[in-house]
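**Student:** model.txt is reproduced in full below (compact mmCIF, C-alpha atoms and all ligand atoms).
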```
# COMPACT_ATOMS: atom_id res chain seq x y z
CA MET A 20 97.90 121.22 86.89
CA ILE A 21 97.53 124.19 89.21
CA GLY A 22 100.09 126.77 88.15
CA ASP A 23 103.11 124.69 87.14
CA LYS A 24 102.48 121.96 89.68
CA LYS A 25 100.90 118.55 89.35
CA ILE A 26 98.04 117.82 91.71
CA LEU A 27 98.11 115.34 94.59
CA PHE A 28 95.12 114.09 96.58
CA SER A 29 95.00 111.84 99.61
CA GLY A 30 92.90 111.33 102.68
CA MET A 31 92.52 109.42 105.89
CA GLN A 32 89.53 108.35 107.88
CA ALA A 33 89.03 109.61 111.40
CA THR A 34 88.19 106.15 112.66
CA GLY A 35 90.39 105.38 115.66
CA ASN A 36 93.54 107.12 116.79
CA LEU A 37 96.42 107.46 114.35
CA THR A 38 99.19 104.92 114.74
CA LEU A 39 102.91 104.92 114.14
CA GLY A 40 102.06 102.93 110.98
CA ASN A 41 99.86 105.74 109.66
CA TYR A 42 102.63 108.22 110.47
CA LEU A 43 105.60 106.37 108.99
CA GLY A 44 103.64 104.83 106.12
CA ALA A 45 101.52 107.80 105.09
CA LEU A 46 101.79 111.15 106.87
CA LYS A 47 105.59 111.38 106.76
CA ASN A 48 105.47 110.59 103.06
CA TRP A 49 102.84 113.25 102.50
CA VAL A 50 105.09 115.84 104.11
CA SER A 51 107.99 114.90 101.85
CA LEU A 52 105.78 115.26 98.75
CA SER A 53 104.17 118.51 99.76
CA ASP A 54 106.69 120.88 98.12
CA GLN A 55 106.67 119.11 94.81
CA TYR A 56 102.87 118.98 94.25
CA GLU A 57 99.80 121.12 94.75
CA CYS A 58 98.33 119.01 97.55
CA PHE A 59 94.84 118.32 98.86
CA TYR A 60 94.77 116.36 102.12
CA SER A 61 91.29 115.57 103.31
CA VAL A 62 89.85 114.21 106.53
CA VAL A 63 87.37 111.89 104.84
CA ASP A 64 84.51 112.01 107.31
CA LEU A 65 81.86 111.07 104.73
CA HIS A 66 83.63 107.73 104.42
CA SER A 67 83.65 107.28 108.19
CA ILE A 68 79.90 106.97 108.52
CA THR A 69 79.85 103.83 106.37
CA VAL A 70 80.46 102.26 109.77
CA ARG A 71 78.30 103.39 112.71
CA GLN A 72 79.98 106.20 114.67
CA ASN A 73 79.37 108.02 117.91
CA PRO A 74 78.74 111.60 116.65
CA ALA A 75 80.60 113.48 119.41
CA GLU A 76 83.55 111.12 119.10
CA LEU A 77 83.68 111.36 115.31
CA ARG A 78 83.71 115.17 115.51
CA LYS A 79 86.55 115.11 118.04
CA ARG A 80 88.60 112.55 116.13
CA ALA A 81 88.14 114.42 112.87
CA ARG A 82 89.45 117.61 114.47
CA ASN A 83 92.36 115.74 116.05
CA LEU A 84 93.22 114.18 112.71
CA LEU A 85 93.19 117.52 110.92
CA THR A 86 95.36 118.96 113.71
CA LEU A 87 97.75 116.02 113.41
CA TYR A 88 98.15 116.61 109.67
CA ILE A 89 99.48 120.05 110.53
CA ALA A 90 101.46 118.91 113.59
CA ALA A 91 103.20 116.27 111.45
CA GLY A 92 104.55 119.01 109.22
CA LEU A 93 101.99 119.76 106.51
CA ASP A 94 101.88 123.52 106.10
CA PRO A 95 98.18 124.46 105.89
CA GLU A 96 99.04 127.68 104.05
CA LYS A 97 100.54 125.64 101.20
CA ASN A 98 98.54 122.41 101.40
CA CYS A 99 94.79 122.30 101.30
CA ILE A 100 93.86 120.53 104.54
CA TYR A 101 90.11 120.25 104.96
CA TYR A 102 87.10 118.16 105.97
CA GLN A 103 85.49 116.24 103.13
CA SER A 104 82.02 117.03 104.55
CA HIS A 105 82.67 120.77 104.13
CA VAL A 106 82.78 120.44 100.34
CA SER A 107 79.44 119.25 99.03
CA GLY A 108 80.93 118.45 95.63
CA HIS A 109 82.25 115.12 96.94
CA ALA A 110 78.76 113.77 97.53
CA GLU A 111 77.38 115.33 94.36
CA LEU A 112 80.06 113.91 92.08
CA SER A 113 79.84 110.58 93.87
CA TRP A 114 76.18 110.29 92.88
CA ILE A 115 76.93 111.02 89.24
CA LEU A 116 79.81 108.53 89.20
CA CYS A 117 77.59 105.89 90.80
CA CYS A 118 75.62 106.00 87.57
CA PHE A 119 78.80 105.13 85.68
CA THR A 120 79.88 102.27 87.94
CA TYR A 121 78.69 98.69 87.54
CA MET A 122 77.56 96.55 90.44
CA GLY A 123 79.77 93.79 89.06
CA GLU A 124 82.80 96.05 89.63
CA LEU A 125 81.80 96.90 93.17
CA ASN A 126 81.09 93.23 93.93
CA ARG A 127 84.76 92.51 93.35
CA MET A 128 86.08 94.97 95.95
CA THR A 129 87.90 93.02 98.64
CA GLN A 130 87.61 95.79 101.24
CA PHE A 131 83.82 95.68 100.91
CA LYS A 132 83.81 91.92 101.38
CA ASP A 133 86.05 92.22 104.46
CA LYS A 134 84.06 95.04 106.01
CA ALA A 135 80.73 93.37 105.26
CA LYS A 136 81.97 90.32 107.15
CA LYS A 137 83.17 92.45 110.05
CA HIS A 138 80.00 94.57 110.25
CA SER A 139 77.46 91.94 109.23
CA ASP A 140 74.69 93.75 111.14
CA ASN A 141 75.13 96.90 109.05
CA ILE A 142 75.94 96.14 105.42
CA ASN A 143 74.68 99.48 104.14
CA ALA A 144 74.70 100.89 100.61
CA GLY A 145 77.34 103.46 101.60
CA LEU A 146 79.76 100.69 102.47
CA TYR A 147 79.10 99.23 99.04
CA THR A 148 79.60 102.49 97.13
CA TYR A 149 82.58 103.58 99.28
CA PRO A 150 84.99 103.19 96.32
CA VAL A 151 82.85 105.52 94.17
CA LEU A 152 83.04 108.23 96.82
CA MET A 153 86.78 107.71 96.88
CA ALA A 154 86.86 108.06 93.09
CA ALA A 155 84.89 111.31 93.42
CA ASP A 156 87.43 112.62 95.97
CA ILE A 157 90.28 112.06 93.58
CA LEU A 158 88.64 113.08 90.30
CA LEU A 159 87.05 116.22 91.74
CA TYR A 160 90.50 117.78 92.06
CA GLN A 161 91.86 116.36 88.79
CA ALA A 162 94.58 114.68 90.83
CA ASP A 163 97.62 113.35 89.00
CA VAL A 164 98.99 111.34 91.92
CA VAL A 165 97.43 109.63 94.92
CA PRO A 166 99.67 108.32 97.69
CA VAL A 167 97.99 105.20 99.06
CA GLY A 168 98.86 101.99 100.83
CA SER A 169 98.77 98.75 98.85
CA ASP A 170 95.37 97.89 100.39
CA GLN A 171 93.87 100.83 98.47
CA MET A 172 95.24 99.86 95.05
CA GLN A 173 92.00 98.18 94.03
CA HIS A 174 90.12 101.40 94.79
CA LEU A 175 92.55 103.36 92.71
CA GLU A 176 92.11 100.96 89.81
CA ILE A 177 88.34 101.36 89.88
CA THR A 178 88.82 105.15 90.03
CA ARG A 179 90.87 104.98 86.84
CA ASP A 180 88.28 102.72 85.19
CA ILE A 181 85.41 105.04 86.06
CA ALA A 182 87.36 108.08 84.85
CA GLN A 183 88.30 106.39 81.58
CA ARG A 184 84.71 105.27 81.02
CA PHE A 185 83.41 108.79 81.61
CA ASN A 186 86.08 110.33 79.38
CA SER A 187 85.37 107.89 76.58
CA ILE A 188 81.73 109.03 76.52
CA TYR A 189 82.10 112.77 77.15
CA GLY A 190 85.66 113.69 76.12
CA ASP A 191 88.61 114.59 78.32
CA VAL A 192 86.89 115.58 81.54
CA PHE A 193 88.99 113.82 84.19
CA THR A 194 92.72 113.47 84.69
CA ILE A 195 93.57 109.77 85.03
CA PRO A 196 95.32 109.47 88.41
CA GLU A 197 98.39 107.38 89.20
CA ALA A 198 98.97 105.65 92.52
CA TYR A 199 102.01 106.68 94.49
CA LEU A 200 103.10 103.73 96.58
CA GLY A 201 105.50 104.55 99.39
CA LYS A 202 108.63 102.54 100.10
CA SER A 203 107.87 98.92 101.00
CA GLY A 204 109.92 99.28 104.21
CA ALA A 205 107.29 101.69 105.43
CA ARG A 206 104.75 98.92 106.07
CA ILE A 207 104.71 98.75 109.85
CA MET A 208 103.43 95.58 111.49
CA SER A 209 101.62 94.97 114.78
CA LEU A 210 103.90 94.83 117.81
CA GLN A 211 101.91 91.86 119.11
CA ASP A 212 101.59 89.90 115.86
CA PRO A 213 104.16 90.81 113.21
CA SER A 214 102.21 88.96 110.51
CA LYS A 215 99.44 91.60 110.76
CA LYS A 216 99.79 95.26 109.88
CA MET A 217 99.66 97.82 112.65
CA SER A 218 96.16 99.24 112.42
CA LYS A 219 94.22 101.92 114.25
CA SER A 220 91.22 99.64 114.63
CA ASP A 221 93.17 96.84 116.34
CA GLU A 222 91.44 95.98 119.59
CA ASN A 223 94.69 95.14 121.36
CA VAL A 224 96.11 98.53 122.43
CA ASN A 225 99.56 96.98 122.87
CA ALA A 226 99.65 96.08 119.18
CA SER A 227 99.85 99.70 118.05
CA VAL A 228 101.80 102.74 119.10
CA TYR A 229 99.52 105.76 118.85
CA LEU A 230 100.86 109.09 117.73
CA LEU A 231 99.73 110.71 120.95
CA ASP A 232 101.02 107.98 123.33
CA ASP A 233 103.31 109.40 126.02
CA ARG A 234 106.95 108.32 126.32
CA ASP A 235 106.32 105.78 129.11
CA THR A 236 103.51 104.13 127.18
CA ILE A 237 105.65 103.95 124.04
CA LEU A 238 108.55 102.37 125.95
CA ARG A 239 106.23 99.89 127.65
CA LYS A 240 104.72 98.81 124.32
CA PHE A 241 108.16 98.24 122.79
CA LYS A 242 109.29 96.34 125.86
CA ARG A 243 106.33 94.00 125.33
CA ALA A 244 106.80 93.70 121.57
CA VAL A 245 106.71 90.11 120.33
CA THR A 246 110.08 88.86 119.03
CA ASP A 247 111.41 85.27 118.84
CA SER A 248 113.80 82.90 120.59
CA MET A 249 116.64 83.15 118.09
CA ALA A 250 118.58 85.70 120.13
CA SER A 251 120.09 87.35 117.09
CA ILE A 252 119.37 90.74 115.57
CA SER A 253 119.31 90.27 111.84
CA TYR A 254 117.04 91.35 109.00
CA ASN A 255 115.31 88.33 107.50
CA GLU A 256 111.93 86.73 106.92
CA GLU A 257 112.31 84.12 109.65
CA GLN A 258 112.38 86.88 112.26
CA PRO A 259 109.38 89.08 111.40
CA GLY A 260 109.21 90.68 114.86
CA ILE A 261 112.84 91.77 114.82
CA ARG A 262 112.55 92.83 111.21
CA ASN A 263 109.57 95.03 112.03
CA LEU A 264 111.48 96.70 114.86
CA LEU A 265 114.40 97.29 112.49
CA ASP A 266 112.01 98.75 109.90
CA ILE A 267 110.59 101.11 112.51
CA TYR A 268 114.06 102.12 113.65
CA CYS A 269 115.21 102.71 110.07
CA ALA A 270 112.11 104.70 109.13
CA CYS A 271 112.74 107.01 112.11
CA THR A 272 116.49 107.40 111.63
CA GLN A 273 116.79 107.15 107.81
CA LYS A 274 119.38 104.40 108.34
CA THR A 275 119.53 101.27 106.19
CA PRO A 276 118.75 97.85 107.74
CA GLU A 277 122.42 96.89 107.26
CA GLU A 278 123.57 99.90 109.27
CA ALA A 279 121.03 99.18 111.99
CA VAL A 280 121.96 95.50 112.21
CA LYS A 281 125.62 96.49 112.59
CA GLU A 282 124.76 98.99 115.30
CA PHE A 283 122.93 96.38 117.40
CA ASP A 284 125.33 93.54 116.73
CA GLN A 285 125.96 91.59 119.97
CA LYS A 286 123.19 93.48 121.80
CA GLY A 287 120.38 91.68 123.61
CA TYR A 288 116.72 91.94 122.60
CA GLY A 289 115.86 93.94 125.73
CA GLU A 290 118.40 96.64 124.99
CA PHE A 291 117.45 96.70 121.29
CA LYS A 292 113.74 97.09 122.04
CA MET A 293 114.41 99.96 124.45
CA ALA A 294 116.59 101.71 121.87
CA VAL A 295 113.83 101.45 119.25
CA GLY A 296 111.27 102.70 121.79
CA GLU A 297 113.46 105.68 122.69
CA THR A 298 113.95 106.52 119.02
CA VAL A 299 110.20 106.38 118.35
CA ALA A 300 109.45 108.53 121.41
CA ASP A 301 112.05 111.09 120.23
CA THR A 302 110.59 111.07 116.71
CA LEU A 303 107.04 111.64 117.94
CA ALA A 304 107.88 114.21 120.64
CA PRO A 305 107.98 117.27 118.33
CA VAL A 306 104.74 116.19 116.60
CA GLN A 307 103.05 115.82 119.98
CA LYS A 308 104.33 119.19 121.17
CA ARG A 309 103.03 120.92 118.06
CA PHE A 310 99.71 119.08 118.41
CA GLU A 311 99.30 120.41 121.97
CA GLU A 312 100.09 123.96 120.88
CA LEU A 313 97.77 123.85 117.89
CA SER A 314 94.92 122.30 119.86
CA LYS A 315 94.96 125.30 122.19
CA ASP A 316 94.77 127.76 119.30
CA LYS A 317 91.12 127.37 118.34
CA GLU A 318 90.98 130.59 116.39
CA TYR A 319 93.92 129.67 114.16
CA LEU A 320 92.58 126.17 113.46
CA ASP A 321 89.10 127.49 112.70
CA LYS A 322 90.58 129.99 110.25
CA ILE A 323 92.53 127.21 108.49
CA ILE A 324 89.43 125.01 108.36
CA LYS A 325 87.32 127.77 106.84
CA GLU A 326 89.86 129.04 104.32
CA ASN A 327 90.91 125.62 103.12
CA ALA A 328 87.31 124.43 102.71
CA GLU A 329 86.74 127.48 100.50
CA LYS A 330 89.85 126.73 98.47
CA ALA A 331 88.87 123.06 98.04
CA GLY A 332 85.32 124.13 97.18
CA TYR A 333 86.62 126.42 94.45
CA TYR A 334 88.52 123.66 92.63
CA ALA A 335 85.80 121.07 93.28
CA GLY A 336 83.17 123.44 91.88
CA LYS A 337 85.09 123.87 88.64
CA THR A 338 85.14 120.12 87.94
CA LEU A 339 81.60 119.57 89.14
CA ARG A 340 80.13 122.25 86.86
CA LYS A 341 81.93 120.76 83.89
CA VAL A 342 80.60 117.27 84.72
CA GLN A 343 77.05 118.52 85.27
CA LYS A 344 77.10 120.21 81.90
CA LYS A 345 78.50 117.13 80.16
CA VAL A 346 75.82 114.79 81.50
CA GLY A 347 73.08 117.20 80.49
CA PHE A 348 71.88 118.96 83.62
CA PRO A 349 70.25 122.32 82.83
CA GLU A 350 72.34 125.42 83.27
CA ARG A 351 71.73 127.46 86.42
CA ILE A 352 70.12 130.85 85.96
CA ARG A 353 72.23 133.43 87.83
P1 LIG B 401 91.77 100.93 109.92
O1 LIG B 401 92.29 100.09 111.04
O2 LIG B 401 90.65 101.85 110.31
O3 LIG B 401 91.56 100.18 108.64
P2 LIG B 401 94.44 101.77 109.28
O4 LIG B 401 95.28 102.08 110.48
O5 LIG B 401 94.66 100.46 108.62
O6 LIG B 401 92.92 101.97 109.62
P3 LIG B 401 93.93 103.49 107.01
O7 LIG B 401 92.97 104.55 107.45
O8 LIG B 401 93.43 102.35 106.20
O9 LIG B 401 94.72 102.95 108.29
O10 LIG B 401 95.11 104.13 106.22
C1 LIG B 401 95.55 105.45 106.31
C2 LIG B 401 96.90 105.54 105.64
O11 LIG B 401 97.89 104.94 106.48
C3 LIG B 401 96.97 104.78 104.32
O12 LIG B 401 97.72 105.54 103.41
C4 LIG B 401 97.68 103.50 104.67
O13 LIG B 401 98.41 102.97 103.60
C5 LIG B 401 98.60 103.94 105.80
N1 LIG B 401 98.85 102.85 106.74
C6 LIG B 401 97.95 102.29 107.55
N2 LIG B 401 98.50 101.33 108.31
C7 LIG B 401 99.80 101.27 107.96
C8 LIG B 401 100.91 100.47 108.39
N3 LIG B 401 100.78 99.56 109.33
N4 LIG B 401 102.11 100.68 107.83
C9 LIG B 401 102.25 101.62 106.88
N5 LIG B 401 101.26 102.40 106.43
C10 LIG B 401 100.05 102.25 106.95
N1 LIG B 402 89.93 104.68 101.59
C1 LIG B 402 91.13 105.32 102.09
C2 LIG B 402 90.86 106.75 102.52
C3 LIG B 402 90.49 107.59 101.35
C4 LIG B 402 91.37 108.03 100.31
C5 LIG B 402 90.56 108.81 99.43
C6 LIG B 402 92.72 107.84 100.06
C7 LIG B 402 89.26 108.09 101.06
N2 LIG B 402 89.30 108.81 99.93
C8 LIG B 402 91.10 109.37 98.27
C9 LIG B 402 93.25 108.41 98.89
C10 LIG B 402 92.45 109.15 98.03
C11 LIG B 402 91.65 104.53 103.28
O1 LIG B 402 90.88 103.89 103.95
N3 LIG B 402 92.94 104.58 103.52
```
Kindly present the structure from the file in structure tokens form.
**Tutor:**
Amino acid sequence: MIGDKKILFSGMQATGNLTLGNYLGALKNWVSLSDQYECFYSVVDLHSITVRQNPAELRKRARNLLTLYIAAGLDPEKNCIYYQSHVSGHAELSWILCCFTYMGELNRMTQFKDKAKKHSDNINAGLYTYPVLMAADILLYQADVVPVGSDQMQHLEITRDIAQRFNSIYGDVFTIPEAYLGKSGARIMSLQDPSKKMSKSDENVNASVYLLDDRDTILRKFKRAVTDSMASISYNEEQPGIRNLLDIYCACTQKTPEEAVKEFDQKGYGEFKMAVGETVADTLAPVQKRFEELSKDKEYLDKIIKENAEKAGYYAGKTLRKVQKKVGFPERIR
């Protein structure tokens, strides 16, 4: 707890440009939780280098991501929005936790297996210990809740296991975090293949709507969205393309699928797709406008970056010192 509030931690990698899926499935949720909890939202750049990155591009993307957190509605005066690499405690705790994690556990991680297949020329130790760094992120702030997508559940489970193992040896050091899974309707699928989730690393640019796409691009992508030949707008599993468009529409308008189906009853696919595109463009317009404004205000952003890194560092330091003492590191002479 910080004051009378429970603690929330989450983060995103600055790999690729944020998509509508990241926005509707994660960021928007974060904003709705931000009053209720004491929140830490990190740009997890240490995680990003588990895959080879172009340094200038990574720096730019990380800044854009941090700016988008704010543009999407997270108030940086209330939420701690910061770069993971600015708080050295993440790496320090990660090392200690590595010594409390078994290789057998890490061998079971499906994301590691997938990424190792995808990047077979660079299966580095960081990719392997990625979940331990994620555990350090969460445990460093004594987080009670962690909003994550279902693909990250396995990483949250290992975080809980590591924390419980540590606590059982040294006493109550870490809060055991709970996952916070968003609504299932918030899983947005690719516009080109509705059996695959919309993802920022998809090579087909028409598959994803990016948060910073302009209106014409958004409309064009929806116009090209894959549907079916059933010529009926209804919400069911046989029509995954239409269902995805309805999910997107509902997530933007807060309507239920039933209401949306009624609204588009008797309408053709062309008209329906344009209406969804318009709605998405209208939803993203204020975020884009705020992003442009913020990007121009270097001084303000720099101040936020500095102050929030200090705030995160303060809380991280408290946990880290406790852990260092528990495992037996000598006290620092001040
Ligand atoms: P990558 O392609 O690099 O794996 P990604 O687009 O799949 O990236 P992540 O960085 O893995 O996104 O996830 C960031 C956050 O966005 C997570 O909380 C995740 O659950 C959420 N998210 C990602 N894609 C979607 C999606 N298609 N629908 C809903 N939520 C999503
Ligand atoms: N692995 C996560 C990003 C991430 C994260 C975290 C999420 C890194 N550290 C801590 C929640 C809590 C991802 O790829 N979505």
**Student:** When you count all atoms listed in the file, which of these residues is closest to Val228 in chain A: A:Tyr288, A:Tyr42, A:Phe131, A:Tyr333?
**Tutor:**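 The answer is A:Tyr42, which sits nearest to Val228 in chain A.
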**Student:** Chain A near ligand LIG 401 (chain B) within 9 Å: what's each residue's closest atom pair and its distance in Å to one decimal, counting only C-alpha atoms and all ligand atoms, ordered by chain then ascending residue number, as JSON lines?
**Tutor:**
```
{"residue": "A:Ser29", "atom": "CA", "partner": "B:LIG401", "partner_atom": "O12", "distance": 7.8}
{"residue": "A:Gly30", "atom": "CA", "partner": "B:LIG401", "partner_atom": "C1", "distance": 7.4}
{"residue": "A:Met31", "atom": "CA", "partner": "B:LIG401", "partner_atom": "C1", "distance": 5.0}
{"residue": "A:Gln32", "atom": "CA", "partner": "B:LIG401", "partner_atom": "O7", "distance": 5.1}
{"residue": "A:Ala33", "atom": "CA", "partner": "B:LIG401", "partner_atom": "O7", "distance": 7.5}
{"residue": "A:Thr34", "atom": "CA", "partner": "B:LIG401", "partner_atom": "O2", "distance": 5.5}
{"residue": "A:Gly35", "atom": "CA", "partner": "B:LIG401", "partner_atom": "O2", "distance": 6.4}
{"residue": "A:Asn36", "atom": "CA", "partner": "B:LIG401", "partner_atom": "O4", "distance": 8.3}
{"residue": "A:Leu37", "atom": "CA", "partner": "B:LIG401", "partner_atom": "O4", "distance": 6.7}
{"residue": "A:Thr38", "atom": "CA", "partner": "B:LIG401", "partner_atom": "O4", "distance": 6.4}
{"residue": "A:Leu39", "atom": "CA", "partner": "B:LIG401", "partner_atom": "N3", "distance": 7.5}
{"residue": "A:Gly40", "atom": "CA", "partner": "B:LIG401", "partner_atom": "C8", "distance": 3.8}
{"residue": "A:Asn41", "atom": "CA", "partner": "B:LIG401", "partner_atom": "O11", "distance": 3.8}
{"residue": "A:Tyr42", "atom": "CA", "partner": "B:LIG401", "partner_atom": "O11", "distance": 7.0}
{"residue": "A:Leu43", "atom": "CA", "partner": "B:LIG401", "partner_atom": "C9", "distance": 6.2}
{"residue": "A:Gly44", "atom": "CA", "partner": "B:LIG401", "partner_atom": "N5", "distance": 3.4}
{"residue": "A:Ala45", "atom": "CA", "partner": "B:LIG401", "partner_atom": "O12", "distance": 4.7}
{"residue": "A:Leu46", "atom": "CA", "partner": "B:LIG401", "partner_atom": "O11", "distance": 7.3}
{"residue": "A:Pro166", "atom": "CA", "partner": "B:LIG401", "partner_atom": "O12", "distance": 6.7}
{"residue": "A:Val167", "atom": "CA", "partner": "B:LIG401", "partner_atom": "O12", "distance": 4.4}
{"residue": "A:Gly168", "atom": "CA", "partner": "B:LIG401", "partner_atom": "O13", "distance": 3.0}
{"residue": "A:Ser169", "atom": "CA", "partner": "B:LIG401", "partner_atom": "O13", "distance": 6.4}
{"residue": "A:Asp170", "atom": "CA", "partner": "B:LIG401", "partner_atom": "O13", "distance": 6.7}
{"residue": "A:Gln171", "atom": "CA", "partner": "B:LIG401", "partner_atom": "O13", "distance": 7.2}
{"residue": "A:Leu200", "atom": "CA", "partner": "B:LIG401", "partner_atom": "O13", "distance": 8.5}
{"residue": "A:Gly201", "atom": "CA", "partner": "B:LIG401", "partner_atom": "O13", "distance": 8.4}
{"residue": "A:Ser203", "atom": "CA", "partner": "B:LIG401", "partner_atom": "C9", "distance": 8.6}
{"residue": "A:Gly204", "atom": "CA", "partner": "B:LIG401", "partner_atom": "C9", "distance": 8.5}
{"residue": "A:Ala205", "atom": "CA", "partner": "B:LIG401", "partner_atom": "C9", "distance": 5.2}
{"residue": "A:Arg206", "atom": "CA", "partner": "B:LIG401", "partner_atom": "N4", "distance": 3.6}
{"residue": "A:Ile207", "atom": "CA", "partner": "B:LIG401", "partner_atom": "N4", "distance": 3.8}
{"residue": "A:Met208", "atom": "CA", "partner": "B:LIG401", "partner_atom": "N3", "distance": 5.2}
{"residue": "A:Ser209", "atom": "CA", "partner": "B:LIG401", "partner_atom": "N3", "distance": 7.2}
{"residue": "A:Lys215", "atom": "CA", "partner": "B:LIG401", "partner_atom": "N3", "distance": 8.2}
{"residue": "A:Lys216", "atom": "CA", "partner": "B:LIG401", "partner_atom": "N3", "distance": 4.4}
{"residue": "A:Met217", "atom": "CA", "partner": "B:LIG401", "partner_atom": "N3", "distance": 3.9}
{"residue": "A:Ser218", "atom": "CA", "partner": "B:LIG401", "partner_atom": "O4", "distance": 3.6}
{"residue": "A:Lys219", "atom": "CA", "partner": "B:LIG401", "partner_atom": "O4", "distance": 3.9}
{"residue": "A:Ser220", "atom": "CA", "partner": "B:LIG401", "partner_atom": "O1", "distance": 3.8}
{"residue": "A:Asp221", "atom": "CA", "partner": "B:LIG401", "partner_atom": "O1", "distance": 6.3}
{"residue": "A:Ser227", "atom": "CA", "partner": "B:LIG401", "partner_atom": "N3", "distance": 8.8}
```
**Student:** I want to know what sits within 12 Å of Gly123 in chain A, based on all atoms listed in the file, with residues of the same chain fewer than 4 positions away left out; could you give that as a ChimeraX atom specification?
**Tutor:** /A:119,127-128,147-148,177
**Student:** How would the residues just picked look written out with C-alpha atoms as an mmCIF file, in the coordinates of the input?
**Tutor:**
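This is the output file result_15.cif:
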```
data_model
loop_
_atom_site.group_PDB
_atom_site.id
_atom_site.type_symbol
_atom_site.label_atom_id
_atom_site.label_comp_id
_atom_site.auth_asym_id
_atom_site.auth_seq_id
_atom_site.Cartn_x
_atom_site.Cartn_y
_atom_site.Cartn_z
ATOM 1 C CA PHE A 119 78.800 105.130 85.680
ATOM 2 C CA ARG A 127 84.760 92.510 93.350
ATOM 3 C CA MET A 128 86.080 94.970 95.950
ATOM 4 C CA TYR A 147 79.100 99.230 99.040
ATOM 5 C CA THR A 148 79.600 102.490 97.130
ATOM 6 C CA ILE A 177 88.340 101.360 89.880
#
```
**Student:** Taking into account only C-alpha atoms, which residue in the set A:Asn126, A:Asn83, A:Gln285, A:Thr120 is nearest to Gln183 in chain A?
**Tutor:**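 Result for the nearest residue to Gln183 in chain A: A:Thr120.
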**Student:** Would you mind telling me which residue in A:Lys25, A:Lys47, A:Lys134, A:Arg234 lies nearest to ligand LIG 402 (chain B) when using only C-alpha atoms and all ligand atoms?
**Tutor:**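 Of A:Lys25, A:Lys47, A:Lys134, A:Arg234, the one nearest ligand LIG 402 (chain B) is A:Lys134, counting only C-alpha atoms and all ligand atoms.
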**Student:** Identify which of the residues A:Val106, A:Met249, A:Ala182, A:Ala304 lies closest to Glu329 in chain A, counting only C-alpha atoms when measuring atom-to-atom distances.
**Tutor:**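 For Glu329 in chain A, the nearest of the candidates is A:Val106.
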**Student:** With all atoms listed in the file as the basis for distance, which of A:Ile21, A:Val165, A:Val342, A:Val192 is at the shortest distance from ligand LIG 402 (chain B)?
**Tutor:**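 The closest residue to ligand LIG 402 (chain B) is A:Val165.
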**Student:** Would you kindly return, as a count of residues only, each protein, DNA or RNA residue with an atom no farther than 12 Å from any atom of Ala250 in chain A, considering only C-alpha atoms and excluding same-chain residues fewer than 3 positions away?
**Tutor:** 15
**Student:** I need the residue nearest ligand LIG 402 (chain B) from this list: A:Asn255, A:Gln103, A:Gln307, A:Gln343. Use all atoms listed in the file for the distance.
**Tutor:**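 Under the stated criterion, the closest residue is A:Gln103.
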**Student:** Specify the axis-aligned box that encloses all atoms of ligand LIG 402 (chain B) listed in the file after padding of 5 Å on each side, stating its centre and edge lengths in Å to one decimal as AutoDock Vina command-line options.
**Tutor:**
```
--center_x 91.3 --center_y 106.6 --center_z 101.0 --size_x 14.0 --size_y 15.5 --size_z 15.9
```
**Student:** Hey, can you check how far CA of Ile100 in chain A sits from CA of Leu146 in chain A?
**Tutor:**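 Taking CA of Ile100 in chain A as the start and CA of Leu146 in chain A as the end point, the length is 24.4 Å.
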**Student:** Take atom C2 of ligand LIG 402 (chain B) and CA of Tyr319 in chain A and report the distance between them in Å, one decimal.
**Tutor:**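 Computed distance, atom C2 of ligand LIG 402 (chain B) to CA of Tyr319 in chain A, equals 25.9 Å.
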**Student:** Interatomic distance between atom C7 of ligand LIG 402 (chain B) and CA of Ile115 in chain A?
**Tutor:**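 Pair atom C7 of ligand LIG 402 (chain B) / CA of Ile115 in chain A returns 17.3 Å.
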